[in-house]
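S.K.: File name entry_0.tsv; file contents TSV, C-alpha atoms; full text below.
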```tsv
chain	number	residue	atom	x	y	z
A	1	MET	CA	-20.10	-25.28	71.56
A	2	ALA	CA	-18.47	-24.98	74.96
A	3	HIS	CA	-18.37	-21.53	76.61
A	4	ILE	CA	-14.58	-21.63	76.82
A	5	ASN	CA	-11.87	-23.16	74.64
A	6	LEU	CA	-12.00	-26.81	75.78
A	7	PRO	CA	-10.37	-29.75	73.94
A	8	ALA	CA	-12.89	-30.43	71.16
A	9	GLU	CA	-12.72	-34.24	70.96
A	10	ILE	CA	-13.30	-35.01	74.64
A	11	PRO	CA	-16.90	-35.28	75.89
A	12	GLY	CA	-18.38	-33.93	79.12
A	13	ILE	CA	-16.36	-33.48	82.26
A	14	GLY	CA	-13.23	-35.02	80.68
A	15	ALA	CA	-12.72	-31.88	78.57
A	16	ALA	CA	-12.88	-29.64	81.65
A	17	PHE	CA	-10.54	-32.03	83.52
A	18	THR	CA	-8.02	-31.79	80.69
A	19	PHE	CA	-8.33	-27.99	80.63
A	20	ARG	CA	-7.59	-27.71	84.37
A	21	PRO	CA	-5.63	-30.70	85.75
A	22	GLU	CA	-5.06	-28.99	89.12
A	23	THR	CA	-8.76	-29.10	89.98
A	24	ALA	CA	-9.33	-32.40	88.15
A	25	LYS	CA	-7.11	-34.27	90.61
A	26	PRO	CA	-9.14	-33.73	93.81
A	27	MET	CA	-12.42	-34.01	91.85
A	28	ARG	CA	-11.41	-37.43	90.51
A	29	GLU	CA	-10.23	-38.55	93.93
A	30	LEU	CA	-13.50	-37.52	95.53
A	31	ALA	CA	-15.54	-39.47	92.97
A	32	HIS	CA	-13.22	-42.46	93.36
A	33	ILE	CA	-13.71	-42.64	97.14
A	34	LEU	CA	-17.45	-41.95	97.04
A	35	LEU	CA	-18.32	-44.30	94.18
A	36	PHE	CA	-15.60	-46.90	93.74
A	37	GLU	CA	-13.34	-47.43	96.73
A	38	ALA	CA	-15.41	-46.32	99.71
A	39	GLY	CA	-13.56	-48.41	102.29
A	40	ALA	CA	-14.04	-51.63	104.21
A	41	ASN	CA	-17.05	-50.66	106.35
A	42	SER	CA	-18.75	-48.49	103.78
A	43	GLY	CA	-21.91	-50.61	103.51
A	44	LEU	CA	-23.29	-49.42	100.21
A	45	SER	CA	-22.09	-51.20	97.07
A	46	SER	CA	-20.64	-49.33	94.11
A	47	ARG	CA	-23.83	-50.17	92.21
A	48	ASP	CA	-25.92	-48.45	94.87
A	49	ARG	CA	-23.59	-45.47	94.97
A	50	GLU	CA	-23.70	-45.09	91.17
A	51	LEU	CA	-27.50	-45.32	91.32
A	52	ILE	CA	-27.55	-42.39	93.76
A	53	ALA	CA	-25.20	-40.46	91.43
A	54	SER	CA	-27.28	-41.10	88.32
A	55	TYR	CA	-30.57	-40.40	90.15
A	56	VAL	CA	-29.31	-37.00	91.38
A	57	SER	CA	-27.87	-36.21	87.92
A	58	SER	CA	-31.19	-37.07	86.30
A	59	ARG	CA	-32.99	-34.73	88.73
A	60	ASN	CA	-30.50	-32.03	87.73
A	61	ARG	CA	-31.18	-32.98	84.08
A	62	CYS	CA	-27.47	-33.33	83.31
A	63	TYR	CA	-27.40	-35.63	80.28
A	64	PHE	CA	-23.71	-36.49	80.36
A	65	CYS	CA	-23.59	-37.34	84.07
A	66	GLN	CA	-26.86	-39.25	84.29
A	67	THR	CA	-25.96	-41.31	81.22
A	68	SER	CA	-22.35	-42.09	82.11
A	69	HIS	CA	-23.08	-42.89	85.77
A	70	GLY	CA	-26.19	-44.80	84.74
A	71	ALA	CA	-23.97	-46.91	82.48
A	72	ALA	CA	-21.47	-47.40	85.34
A	73	ALA	CA	-24.32	-48.55	87.65
A	74	ALA	CA	-25.53	-50.95	84.96
A	75	HIS	CA	-22.06	-52.50	84.62
A	76	HIS	CA	-21.64	-53.18	88.33
A	77	SER	CA	-22.81	-56.49	89.76
A	78	GLY	CA	-26.61	-56.48	90.16
A	79	GLY	CA	-27.03	-53.51	87.83
A	80	SER	CA	-28.88	-53.21	84.53
A	81	THR	CA	-30.03	-50.49	82.17
A	82	GLU	CA	-33.65	-51.26	83.14
A	83	LEU	CA	-32.92	-50.89	86.85
A	84	VAL	CA	-31.23	-47.51	86.30
A	85	ALA	CA	-34.23	-46.29	84.29
A	86	ALA	CA	-36.65	-47.51	86.97
A	87	VAL	CA	-34.71	-45.76	89.76
A	88	CYS	CA	-34.57	-42.48	87.83
A	89	GLU	CA	-38.30	-42.79	87.07
A	90	ASP	CA	-39.36	-43.47	90.69
A	91	PRO	CA	-37.12	-45.06	93.34
A	92	GLU	CA	-40.11	-46.13	95.46
A	93	THR	CA	-41.35	-48.55	92.77
A	94	ALA	CA	-37.92	-49.77	91.59
A	95	ARG	CA	-36.62	-53.23	92.52
A	96	ILE	CA	-34.09	-52.06	95.10
A	97	SER	CA	-33.78	-52.55	98.86
A	98	PRO	CA	-35.96	-50.54	101.26
A	99	LYS	CA	-32.72	-49.08	102.64
A	100	LEU	CA	-31.62	-47.74	99.24
A	101	LYS	CA	-35.11	-46.30	98.69
A	102	SER	CA	-34.86	-44.40	101.96
A	103	LEU	CA	-31.38	-43.09	101.05
A	104	LEU	CA	-32.53	-41.99	97.58
A	105	ALA	CA	-35.35	-40.04	99.25
A	106	ILE	CA	-32.72	-38.17	101.28
A	107	ALA	CA	-30.56	-37.66	98.17
A	108	ALA	CA	-33.53	-36.03	96.38
A	109	HIS	CA	-33.90	-33.52	99.20
A	110	VAL	CA	-30.18	-32.74	99.22
A	111	GLN	CA	-30.43	-32.12	95.47
A	112	GLY	CA	-33.32	-29.68	95.96
A	113	ASP	CA	-32.71	-27.79	99.20
A	114	ALA	CA	-30.56	-29.70	101.67
A	115	LYS	CA	-32.24	-27.96	104.59
A	116	THR	CA	-35.41	-29.95	103.82
A	117	VAL	CA	-33.84	-33.26	104.91
A	118	THR	CA	-35.86	-34.12	108.02
A	119	THR	CA	-35.26	-36.23	111.11
A	120	GLU	CA	-38.13	-38.47	109.91
A	121	MET	CA	-36.30	-39.21	106.66
A	122	VAL	CA	-33.14	-40.07	108.57
A	123	GLU	CA	-35.12	-42.26	111.00
A	124	ARG	CA	-36.72	-44.12	108.10
A	125	ALA	CA	-33.24	-44.91	106.77
A	126	ARG	CA	-32.04	-45.98	110.23
A	127	ALA	CA	-35.05	-48.28	110.59
A	128	GLU	CA	-33.76	-49.98	107.41
A	129	GLU	CA	-30.36	-50.27	109.11
A	130	ALA	CA	-28.56	-47.45	107.34
A	131	THR	CA	-25.43	-46.48	109.27
A	132	ASP	CA	-24.09	-42.99	109.96
A	133	LEU	CA	-21.40	-43.59	107.34
A	134	GLU	CA	-23.99	-44.59	104.72
A	135	LEU	CA	-26.08	-41.54	105.55
A	136	HIS	CA	-23.00	-39.32	105.35
A	137	ASP	CA	-21.92	-40.76	102.01
A	138	THR	CA	-25.44	-40.46	100.58
A	139	VAL	CA	-25.57	-36.76	101.47
A	140	LEU	CA	-22.08	-36.15	100.09
A	141	ILE	CA	-22.69	-38.10	96.85
A	142	ALA	CA	-25.87	-36.09	96.26
A	143	ALA	CA	-24.09	-32.82	97.09
A	144	ALA	CA	-21.06	-33.68	94.95
A	145	PHE	CA	-23.24	-34.38	91.92
A	146	CYS	CA	-24.84	-30.98	92.36
A	147	MET	CA	-21.27	-29.78	91.72
A	148	TYR	CA	-20.27	-32.14	88.88
A	149	ASN	CA	-23.60	-31.54	87.07
A	150	ARG	CA	-23.29	-27.74	87.27
A	151	TYR	CA	-19.66	-27.92	86.16
A	152	VAL	CA	-20.53	-30.00	83.09
A	153	ASP	CA	-23.57	-27.90	82.14
A	154	GLY	CA	-22.22	-24.50	83.25
A	155	LEU	CA	-19.34	-24.75	80.77
A	156	ALA	CA	-21.67	-26.10	78.04
A	157	THR	CA	-19.43	-29.12	77.50
A	158	TRP	CA	-19.92	-31.45	74.53
A	159	GLN	CA	-22.49	-34.11	75.53
A	160	PRO	CA	-22.87	-36.39	72.51
A	161	ARG	CA	-25.96	-38.56	72.03
A	162	ASN	CA	-24.00	-41.77	71.51
A	163	GLU	CA	-25.17	-44.74	73.55
A	164	ASP	CA	-22.14	-46.90	72.68
A	165	MET	CA	-19.75	-44.28	73.96
A	166	TYR	CA	-21.53	-44.10	77.34
A	167	GLN	CA	-21.66	-47.89	77.59
A	168	SER	CA	-17.93	-48.14	77.06
A	169	MET	CA	-17.31	-45.30	79.51
A	170	GLY	CA	-19.58	-46.97	82.09
A	171	ARG	CA	-17.75	-50.28	81.74
A	172	HIS	CA	-14.40	-48.54	82.19
A	173	LEU	CA	-15.62	-46.68	85.30
A	174	ALA	CA	-17.16	-49.82	86.83
A	175	GLU	CA	-13.89	-51.72	86.30
A	176	ASN	CA	-11.28	-49.06	87.04
A	177	GLY	CA	-12.86	-46.25	89.02
A	178	TYR	CA	-12.12	-42.57	88.61
A	179	VAL	CA	-8.49	-41.87	89.37
A	180	GLN	CA	-7.34	-43.21	86.01
A	181	ALA	CA	-8.23	-40.87	83.15
A	182	VAL	CA	-11.10	-41.82	80.85
A	183	LEU	CA	-10.57	-39.89	77.65
A	184	THR	CA	-13.07	-41.41	75.27
A	185	SER	CA	-13.04	-39.62	71.96
A	186	ARG	CA	-15.35	-40.12	69.03
B	1	MET	CA	-28.63	-31.40	116.26
B	2	PRO	CA	-26.82	-33.04	113.33
B	3	HIS	CA	-28.59	-35.94	111.58
B	4	ILE	CA	-25.65	-38.26	112.31
B	5	SER	CA	-23.23	-38.50	115.21
B	6	LEU	CA	-20.53	-35.96	114.28
B	7	PRO	CA	-17.52	-34.68	116.23
B	8	ASN	CA	-18.50	-31.49	118.06
B	9	LEU	CA	-17.11	-28.96	115.57
B	10	PRO	CA	-19.05	-26.23	113.72
B	11	GLY	CA	-20.24	-26.45	110.12
B	12	ILE	CA	-18.27	-28.49	107.59
B	13	ARG	CA	-15.56	-29.19	110.16
B	14	GLY	CA	-17.77	-31.84	111.82
B	15	PRO	CA	-18.20	-34.05	108.71
B	16	MET	CA	-14.58	-33.33	107.68
B	17	ALA	CA	-13.41	-34.85	110.96
B	18	PHE	CA	-15.97	-37.68	110.66
B	19	ARG	CA	-14.70	-38.78	107.21
B	20	PRO	CA	-11.02	-37.87	106.67
B	21	GLU	CA	-10.89	-39.83	103.38
B	22	THR	CA	-13.31	-37.43	101.67
B	23	SER	CA	-12.08	-34.36	103.54
B	24	LYS	CA	-8.70	-34.65	101.79
B	25	PRO	CA	-9.92	-34.00	98.22
B	26	LEU	CA	-12.59	-31.58	99.50
B	27	ASN	CA	-9.87	-29.44	101.11
B	28	GLU	CA	-7.48	-29.78	98.18
B	29	LEU	CA	-10.15	-28.61	95.75
B	30	VAL	CA	-10.98	-25.48	97.72
B	31	GLU	CA	-7.26	-24.80	98.24
B	32	VAL	CA	-6.63	-24.79	94.47
B	33	LEU	CA	-9.78	-22.81	93.66
B	34	LEU	CA	-9.57	-20.13	96.33
B	35	ARG	CA	-5.87	-19.87	97.24
B	36	HIS	CA	-3.48	-21.00	94.52
B	37	PRO	CA	-1.91	-18.25	92.39
B	38	ASN	CA	-4.54	-16.87	90.02
B	39	SER	CA	-5.29	-13.70	88.08
B	40	LEU	CA	-8.38	-13.34	90.31
B	41	SER	CA	-7.28	-12.30	93.80
B	42	ARG	CA	-8.01	-14.45	96.84
B	43	GLY	CA	-10.43	-11.80	98.04
B	44	GLU	CA	-12.34	-11.86	94.73
B	45	ARG	CA	-12.56	-15.65	94.70
B	46	GLU	CA	-13.78	-15.71	98.31
B	47	LEU	CA	-16.44	-13.15	97.34
B	48	ILE	CA	-17.70	-15.56	94.66
B	49	ALA	CA	-17.83	-18.39	97.23
B	50	THR	CA	-19.61	-16.13	99.74
B	51	TYR	CA	-22.14	-14.90	97.19
B	52	VAL	CA	-23.06	-18.42	96.03
B	53	SER	CA	-23.34	-19.62	99.65
B	54	SER	CA	-25.61	-16.71	100.45
B	55	GLN	CA	-27.79	-17.52	97.40
B	56	ASN	CA	-27.99	-21.08	98.76
B	57	ASN	CA	-28.87	-19.62	102.16
B	58	CYS	CA	-26.14	-21.63	103.89
B	59	HIS	CA	-25.39	-19.74	107.10
B	60	TYR	CA	-22.10	-21.43	107.98
B	61	CYS	CA	-20.51	-21.17	104.53
B	62	GLN	CA	-21.53	-17.60	103.80
B	63	SER	CA	-20.33	-16.53	107.27
B	64	ILE	CA	-16.94	-18.24	107.20
B	65	HIS	CA	-16.14	-17.41	103.56
B	66	GLY	CA	-17.43	-13.87	104.11
B	67	ALA	CA	-15.01	-13.60	107.03
B	68	ILE	CA	-12.12	-15.04	104.97
B	69	ALA	CA	-12.97	-12.62	102.13
B	70	ALA	CA	-12.96	-9.69	104.56
B	71	ALA	CA	-9.61	-10.84	105.97
B	72	HIS	CA	-8.17	-10.72	102.43
B	73	LEU	CA	-9.83	-7.32	101.77
B	74	ASP	CA	-8.39	-5.22	104.61
B	75	GLY	CA	-11.23	-6.19	106.93
B	76	ASN	CA	-13.88	-4.64	104.68
B	77	GLU	CA	-16.96	-6.46	105.99
B	78	ALA	CA	-19.27	-3.80	104.50
B	79	LEU	CA	-18.08	-4.72	101.00
B	80	VAL	CA	-18.76	-8.41	101.66
B	81	GLN	CA	-22.29	-7.57	102.85
B	82	CYS	CA	-22.88	-5.38	99.81
B	83	VAL	CA	-21.82	-8.18	97.43
B	84	LYS	CA	-24.31	-10.51	99.14
B	85	ASP	CA	-27.14	-7.94	99.07
B	86	ASP	CA	-26.66	-6.51	95.56
B	87	PHE	CA	-23.32	-7.09	93.87
B	88	ARG	CA	-24.22	-4.80	90.94
B	89	SER	CA	-24.00	-1.81	93.29
B	90	ALA	CA	-20.86	-3.01	95.13
B	91	GLU	CA	-17.46	-1.35	94.73
B	92	ILE	CA	-15.90	-4.21	92.78
B	93	THR	CA	-14.55	-4.38	89.22
B	94	PRO	CA	-16.94	-4.69	86.25
B	95	LYS	CA	-15.18	-7.98	85.49
B	96	LEU	CA	-16.01	-9.42	88.91
B	97	LYS	CA	-19.63	-8.26	88.50
B	98	ALA	CA	-19.85	-10.13	85.20
B	99	LEU	CA	-18.33	-13.24	86.80
B	100	LEU	CA	-20.75	-13.05	89.76
B	101	GLY	CA	-23.55	-12.92	87.19
B	102	ILE	CA	-22.31	-16.23	85.78
B	103	ALA	CA	-21.88	-17.68	89.29
B	104	GLY	CA	-25.47	-16.77	90.11
B	105	LYS	CA	-26.70	-18.69	87.04
B	106	VAL	CA	-24.57	-21.74	87.89
B	107	GLN	CA	-26.01	-21.71	91.43
B	108	GLN	CA	-29.50	-22.14	89.96
B	109	ASP	CA	-28.72	-24.47	87.06
B	110	GLY	CA	-25.55	-24.67	84.96
B	111	LYS	CA	-27.68	-24.72	81.81
B	112	LYS	CA	-28.81	-21.14	82.51
B	113	VAL	CA	-25.39	-19.71	81.65
B	114	THR	CA	-25.73	-18.14	78.18
B	115	GLU	CA	-23.28	-17.16	75.47
B	116	ALA	CA	-24.22	-13.55	76.24
B	117	ASP	CA	-23.25	-13.96	79.92
B	118	VAL	CA	-19.85	-15.30	78.88
B	119	GLN	CA	-19.43	-12.57	76.23
B	120	ALA	CA	-20.18	-9.89	78.84
B	121	ALA	CA	-17.40	-11.28	81.05
B	122	ARG	CA	-14.97	-11.43	78.13
B	123	GLU	CA	-15.71	-7.79	77.28
B	124	GLN	CA	-14.55	-6.90	80.79
B	125	GLY	CA	-11.32	-8.82	80.19
B	126	ALA	CA	-12.18	-12.18	81.76
B	127	THR	CA	-10.00	-15.06	80.52
B	128	ASP	CA	-11.05	-18.65	79.84
B	129	LEU	CA	-9.35	-19.73	83.06
B	130	GLU	CA	-11.20	-17.09	85.08
B	131	ILE	CA	-14.52	-18.14	83.57
B	132	HIS	CA	-13.70	-21.79	84.21
B	133	ASP	CA	-12.76	-21.14	87.82
B	134	THR	CA	-15.85	-19.01	88.41
B	135	VAL	CA	-18.10	-21.82	87.14
B	136	LEU	CA	-16.28	-24.39	89.27
B	137	ILE	CA	-16.23	-22.24	92.43
B	138	ALA	CA	-19.99	-21.72	92.06
B	139	ALA	CA	-20.56	-25.43	91.37
B	140	ALA	CA	-18.31	-26.51	94.25
B	141	PHE	CA	-20.15	-24.32	96.73
B	142	CYS	CA	-23.42	-25.89	95.62
B	143	MET	CA	-21.77	-29.05	96.96
B	144	TYR	CA	-20.19	-27.68	100.17
B	145	ASN	CA	-23.42	-25.83	101.08
B	146	ARG	CA	-25.54	-28.96	100.62
B	147	TYR	CA	-23.06	-31.05	102.58
B	148	VAL	CA	-23.21	-28.62	105.51
B	149	ASP	CA	-27.00	-28.20	105.47
B	150	GLY	CA	-27.94	-31.75	104.45
B	151	LEU	CA	-26.31	-33.19	107.59
B	152	ALA	CA	-27.84	-30.43	109.76
B	153	THR	CA	-24.42	-29.45	111.11
B	154	VAL	CA	-24.04	-27.04	114.03
B	155	GLN	CA	-23.86	-23.48	112.64
B	156	PRO	CA	-23.07	-20.91	115.36
B	157	LYS	CA	-24.55	-17.39	115.10
B	158	ASP	CA	-21.75	-15.40	116.80
B	159	PRO	CA	-19.98	-13.36	114.04
B	160	ASP	CA	-16.83	-13.16	116.17
B	161	LEU	CA	-16.24	-16.90	115.92
B	162	TYR	CA	-16.22	-16.62	112.12
B	163	ARG	CA	-14.06	-13.48	112.22
B	164	GLN	CA	-11.35	-15.24	114.24
B	165	ARG	CA	-11.39	-18.45	112.22
B	166	GLY	CA	-11.59	-16.44	108.98
B	167	LYS	CA	-8.34	-14.62	109.80
B	168	MET	CA	-6.62	-17.92	110.53
B	169	VAL	CA	-7.80	-19.61	107.32
B	170	ALA	CA	-6.90	-16.52	105.27
B	171	ARG	CA	-3.40	-16.75	106.71
B	172	GLU	CA	-2.83	-20.53	106.74
B	173	GLY	CA	-5.07	-21.94	104.02
B	174	TYR	CA	-7.59	-24.78	103.92
B	175	VAL	CA	-5.33	-27.79	103.92
B	176	ALA	CA	-3.42	-26.46	106.96
B	177	ALA	CA	-6.63	-25.39	108.75
B	178	ASN	CA	-8.06	-28.86	108.24
B	179	LEU	CA	-5.45	-30.21	110.66
B	180	THR	CA	-7.49	-28.55	113.42
B	181	ASN	CA	-10.60	-30.46	112.35
B	182	VAL	CA	-10.29	-33.19	114.94
B	183	ALA	CA	-12.73	-34.28	117.60
B	184	PRO	CA	-12.20	-32.47	120.93
B	185	PRO	CA	-10.35	-34.74	123.45
B	186	SER	CA	-13.52	-35.33	125.49
B	187	GLN	CA	-15.10	-37.01	122.47
B	188	VAL	CA	-12.29	-39.26	121.40
B	189	ALA	CA	-13.04	-42.05	123.87
B	190	GLU	CA	-16.69	-41.91	122.86
B	191	LEU	CA	-15.82	-42.16	119.16
B	192	VAL	CA	-13.38	-45.02	119.65
B	193	GLY	CA	-15.96	-46.81	121.75
B	194	SER	CA	-18.69	-46.52	119.11
```
Please rewrite the model in this file as structure tokens.

M.R.:
Amino acid sequence: MAHINLPAEIPGIGAAFTFRPETAKPMRELAHILLFEAGANSGLSSRDRELIASYVSSRNRCYFCQTSHGAAAAHHSGGSTELVAAVCEDPETARISPKLKSLLAIAAHVQGDAKTVTTEMVERARAEEATDLELHDTVLIAAAFCMYNRYVDGLATWQPRNEDMYQSMGRHLAENGYVQAVLTSR
Amino acid sequence: MPHISLPNLPGIRGPMAFRPETSKPLNELVEVLLRHPNSLSRGERELIATYVSSQNNCHYCQSIHGAIAAAHLDGNEALVQCVKDDFRSAEITPKLKALLGIAGKVQQDGKKVTEADVQAAREQGATDLEIHDTVLIAAAFCMYNRYVDGLATVQPKDPDLYRQRGKMVAREGYVAANLTNVAPPSQVAELVGS
């Protein structure tokens, strides 16, 4: 049971968003820009961005976030459930670009202690042609999921073990982004 | 030196100026959490932000939010320091101590918050909204701190810089203060050229 009186039928972060719409608005907008509508010169695809989000969430062991964003990554072009699992298992051996591997390595350090991101890690990413904007967005996606994950877990939200629900949520997120409410109920 | 080419502004202000699209929701979130009307005072909410930033060892965030907290608390910098060092012995309400206990758990891992932690806060009169906001302030500063440190932003040591800016932000708020997060004129040509 959640630590506070959240709407009972809404899973994960959606319940907290419904409880407090004033904070939900900027939190949805941030996710929308970082994961769905990053802008013309943003470089990284939404699939890659969702992979960073699910990888960080899996390192934070947040079931709701890693599963829903994993499903979103799988529904984007070039994504699959197997690829998401491989990235969360070990990005270095997953079938992704060398650039994305180098960015995931940075994301892992941001998730742990951000001060441990080194110049060498950044240079590795640059050697794979990562831009400043891609590096910026990688750091902010990783940082933002350290927020979303703690929010979801810190309130002890309802995180059902229901694969179909996450698949449908992931499809919705991959098609519509985050500004529009996703209120999947059981 | 920052890991990427940022406008020459301290701390989070560099990346805020670098990426205005994300700075908008980032500023709106902190405005709602730390400034909008709430049963927790602005000073108390800034103390939560400062405490979490100090637990994350983020120099810029703990200094600026400590300065903003002090500005809301009649300039009481000693109280801010005491909350960072050992909030249990600080001269704050038992309710705020219970909420800082929850914030400290969220900073480590949201799953560490127990029913007993929440019950202790309720016994001191904490409402659901106050518990919610405490969890989200703590979670949000785990983001802001990582953003600031993960890009290796410039984090000045001079306490007076934070004191001055802290007074301004306490007066004007985050959304208004963000208008000053623009590249200094000398850099504009360079940025446009790149």

S.K.: Which residues of chain A are close to chain B, meaning at most 6 Å apart when you count all atoms listed in the file, and how do they look as a ChimeraX atom specification?

M.R.: /A:4,23,26,30,110,114-115,132,140,143-144,146-147,150-151,153-154

S.K.: Would you be able to write out as a count of residues only which residues have an atom within 10 Å of (-28.8, -46.3, 82.9) in the file's coordinates, counting only C-alpha atoms?

M.R.: 27

S.K.: Measuring atom to atom with all atoms listed in the file, identify which of B:Gln55, B:Asn76, B:Ser63, B:Asn38 is nearest to B:Leu100.

M.R.: B:Gln55

S.K.: Nearest to B:Val169: which of B:Arg122, B:Lys157, B:Lys97, B:His72 is it, counting all atoms listed in the file?

M.R.: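 Closest to B:Val169, using all atoms listed in the file: B:His72.
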
S.K.: Using all atoms listed in the file, which protein or nucleic acid residues come within 9 Å of B:Gly14? Drop anything in the same chain fewer than 2 positions from it, and give the result as a PyMOL selection string.

M.R.: chain B and resi 6-12+16-19+148+153-154+181-183

S.K.: To one decimal place in Å, what is the distance between atom CA of A:Thr18 and atom CA of A:Asn60?

M.R.: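 Separation of atom CA of A:Thr18 and atom CA of A:Asn60: 23.6 Å.
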
S.K.: Do a neighbour search on B:Ala120 at 9 Å with only C-alpha atoms, toss out local chain neighbours closer than 6 positions, and write the hits as an MDAnalysis selection string.

M.R.: chainID B and resid 95 98:99 126

S.K.: Show me the residues around (-22.9, -34.4, 78.6) - criterion: an atom at most 10 Å away, all atoms listed in the file counted - as a JSON list (two decimals) with C-alpha atoms, keeping the file's coordinate frame.

M.R.:
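Generated output (point.json):
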```json
[["chain", "number", "residue", "atom", "x", "y", "z"],
["A", 11, "PRO", "CA", -16.90, -35.28, 75.89],
["A", 12, "GLY", "CA", -18.38, -33.93, 79.12],
["A", 13, "ILE", "CA", -16.36, -33.48, 82.26],
["A", 14, "GLY", "CA", -13.23, -35.02, 80.68],
["A", 62, "CYS", "CA", -27.47, -33.33, 83.31],
["A", 63, "TYR", "CA", -27.40, -35.63, 80.28],
["A", 64, "PHE", "CA", -23.71, -36.49, 80.36],
["A", 65, "CYS", "CA", -23.59, -37.34, 84.07],
["A", 66, "GLN", "CA", -26.86, -39.25, 84.29],
["A", 67, "THR", "CA", -25.96, -41.31, 81.22],
["A", 68, "SER", "CA", -22.35, -42.09, 82.11],
["A", 149, "ASN", "CA", -23.60, -31.54, 87.07],
["A", 152, "VAL", "CA", -20.53, -30.00, 83.09],
["A", 153, "ASP", "CA", -23.57, -27.90, 82.14],
["A", 156, "ALA", "CA", -21.67, -26.10, 78.04],
["A", 157, "THR", "CA", -19.43, -29.12, 77.50],
["A", 158, "TRP", "CA", -19.92, -31.45, 74.53],
["A", 159, "GLN", "CA", -22.49, -34.11, 75.53],
["A", 160, "PRO", "CA", -22.87, -36.39, 72.51],
["A", 161, "ARG", "CA", -25.96, -38.56, 72.03],
["A", 166, "TYR", "CA", -21.53, -44.10, 77.34]]
```

S.K.: Between atom CA of A:Arg49 and atom CA of A:His136, what is the distance in Å, rounded to a tenth?

M.R.: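 Atom-to-atom, atom CA of A:Arg49 and atom CA of A:His136 are spaced 12.1 Å apart.
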
S.K.: Could you pull stretch 159-172 of chain A out of the block above and give me N, CA and C atoms, as a PDB file, in the first residue's frame?

M.R.:
```pdb
ATOM      1  N   GLN A 159       2.816  -0.997  -8.021  1.00  0.00           N
ATOM      2  CA  GLN A 159       3.593  -1.376  -9.205  1.00  0.00           C
ATOM      3  C   GLN A 159       3.225  -2.804  -9.591  1.00  0.00           C
ATOM      4  N   PRO A 160       2.085  -2.965 -10.267  1.00  0.00           N
ATOM      5  CA  PRO A 160       1.580  -4.311 -10.533  1.00  0.00           C
ATOM      6  C   PRO A 160       2.527  -5.123 -11.425  1.00  0.00           C
ATOM      7  N   ARG A 161       2.534  -6.428 -11.216  1.00  0.00           N
ATOM      8  CA  ARG A 161       3.274  -7.342 -12.099  1.00  0.00           C
ATOM      9  C   ARG A 161       2.289  -7.800 -13.168  1.00  0.00           C
ATOM     10  N   ASN A 162       2.180  -6.987 -14.236  1.00  0.00           N
ATOM     11  CA  ASN A 162       1.186  -7.251 -15.269  1.00  0.00           C
ATOM     12  C   ASN A 162       1.776  -6.825 -16.609  1.00  0.00           C
ATOM     13  N   GLU A 163       2.391  -7.786 -17.283  1.00  0.00           N
ATOM     14  CA  GLU A 163       3.144  -7.484 -18.504  1.00  0.00           C
ATOM     15  C   GLU A 163       2.286  -6.783 -19.560  1.00  0.00           C
ATOM     16  N   ASP A 164       1.028  -7.218 -19.708  1.00  0.00           N
ATOM     17  CA  ASP A 164       0.151  -6.610 -20.719  1.00  0.00           C
ATOM     18  C   ASP A 164      -0.063  -5.119 -20.461  1.00  0.00           C
ATOM     19  N   MET A 165      -0.221  -4.793 -19.188  1.00  0.00           N
ATOM     20  CA  MET A 165      -0.447  -3.387 -18.845  1.00  0.00           C
ATOM     21  C   MET A 165       0.746  -2.528 -19.272  1.00  0.00           C
ATOM     22  N   TYR A 166       1.973  -3.030 -18.992  1.00  0.00           N
ATOM     23  CA  TYR A 166       3.169  -2.256 -19.356  1.00  0.00           C
ATOM     24  C   TYR A 166       3.331  -2.165 -20.873  1.00  0.00           C
ATOM     25  N   GLN A 167       2.979  -3.242 -21.567  1.00  0.00           N
ATOM     26  CA  GLN A 167       3.068  -3.220 -23.030  1.00  0.00           C
ATOM     27  C   GLN A 167       2.136  -2.156 -23.599  1.00  0.00           C
ATOM     28  N   SER A 168       0.939  -2.083 -23.064  1.00  0.00           N
ATOM     29  CA  SER A 168      -0.010  -1.106 -23.586  1.00  0.00           C
ATOM     30  C   SER A 168       0.414   0.308 -23.209  1.00  0.00           C
ATOM     31  N   MET A 169       0.967   0.455 -22.019  1.00  0.00           N
ATOM     32  CA  MET A 169       1.495   1.755 -21.601  1.00  0.00           C
ATOM     33  C   MET A 169       2.662   2.167 -22.500  1.00  0.00           C
ATOM     34  N   GLY A 170       3.573   1.219 -22.762  1.00  0.00           N
ATOM     35  CA  GLY A 170       4.745   1.499 -23.596  1.00  0.00           C
ATOM     36  C   GLY A 170       4.346   1.917 -25.002  1.00  0.00           C
ATOM     37  N   ARG A 171       3.328   1.242 -25.555  1.00  0.00           N
ATOM     38  CA  ARG A 171       2.858   1.596 -26.901  1.00  0.00           C
ATOM     39  C   ARG A 171       2.305   3.017 -26.900  1.00  0.00           C
ATOM     40  N   HIS A 172       1.511   3.319 -25.873  1.00  0.00           N
ATOM     41  CA  HIS A 172       0.921   4.659 -25.764  1.00  0.00           C
ATOM     42  C   HIS A 172       2.017   5.729 -25.671  1.00  0.00           C
TER      43      HIS A 172
END
```
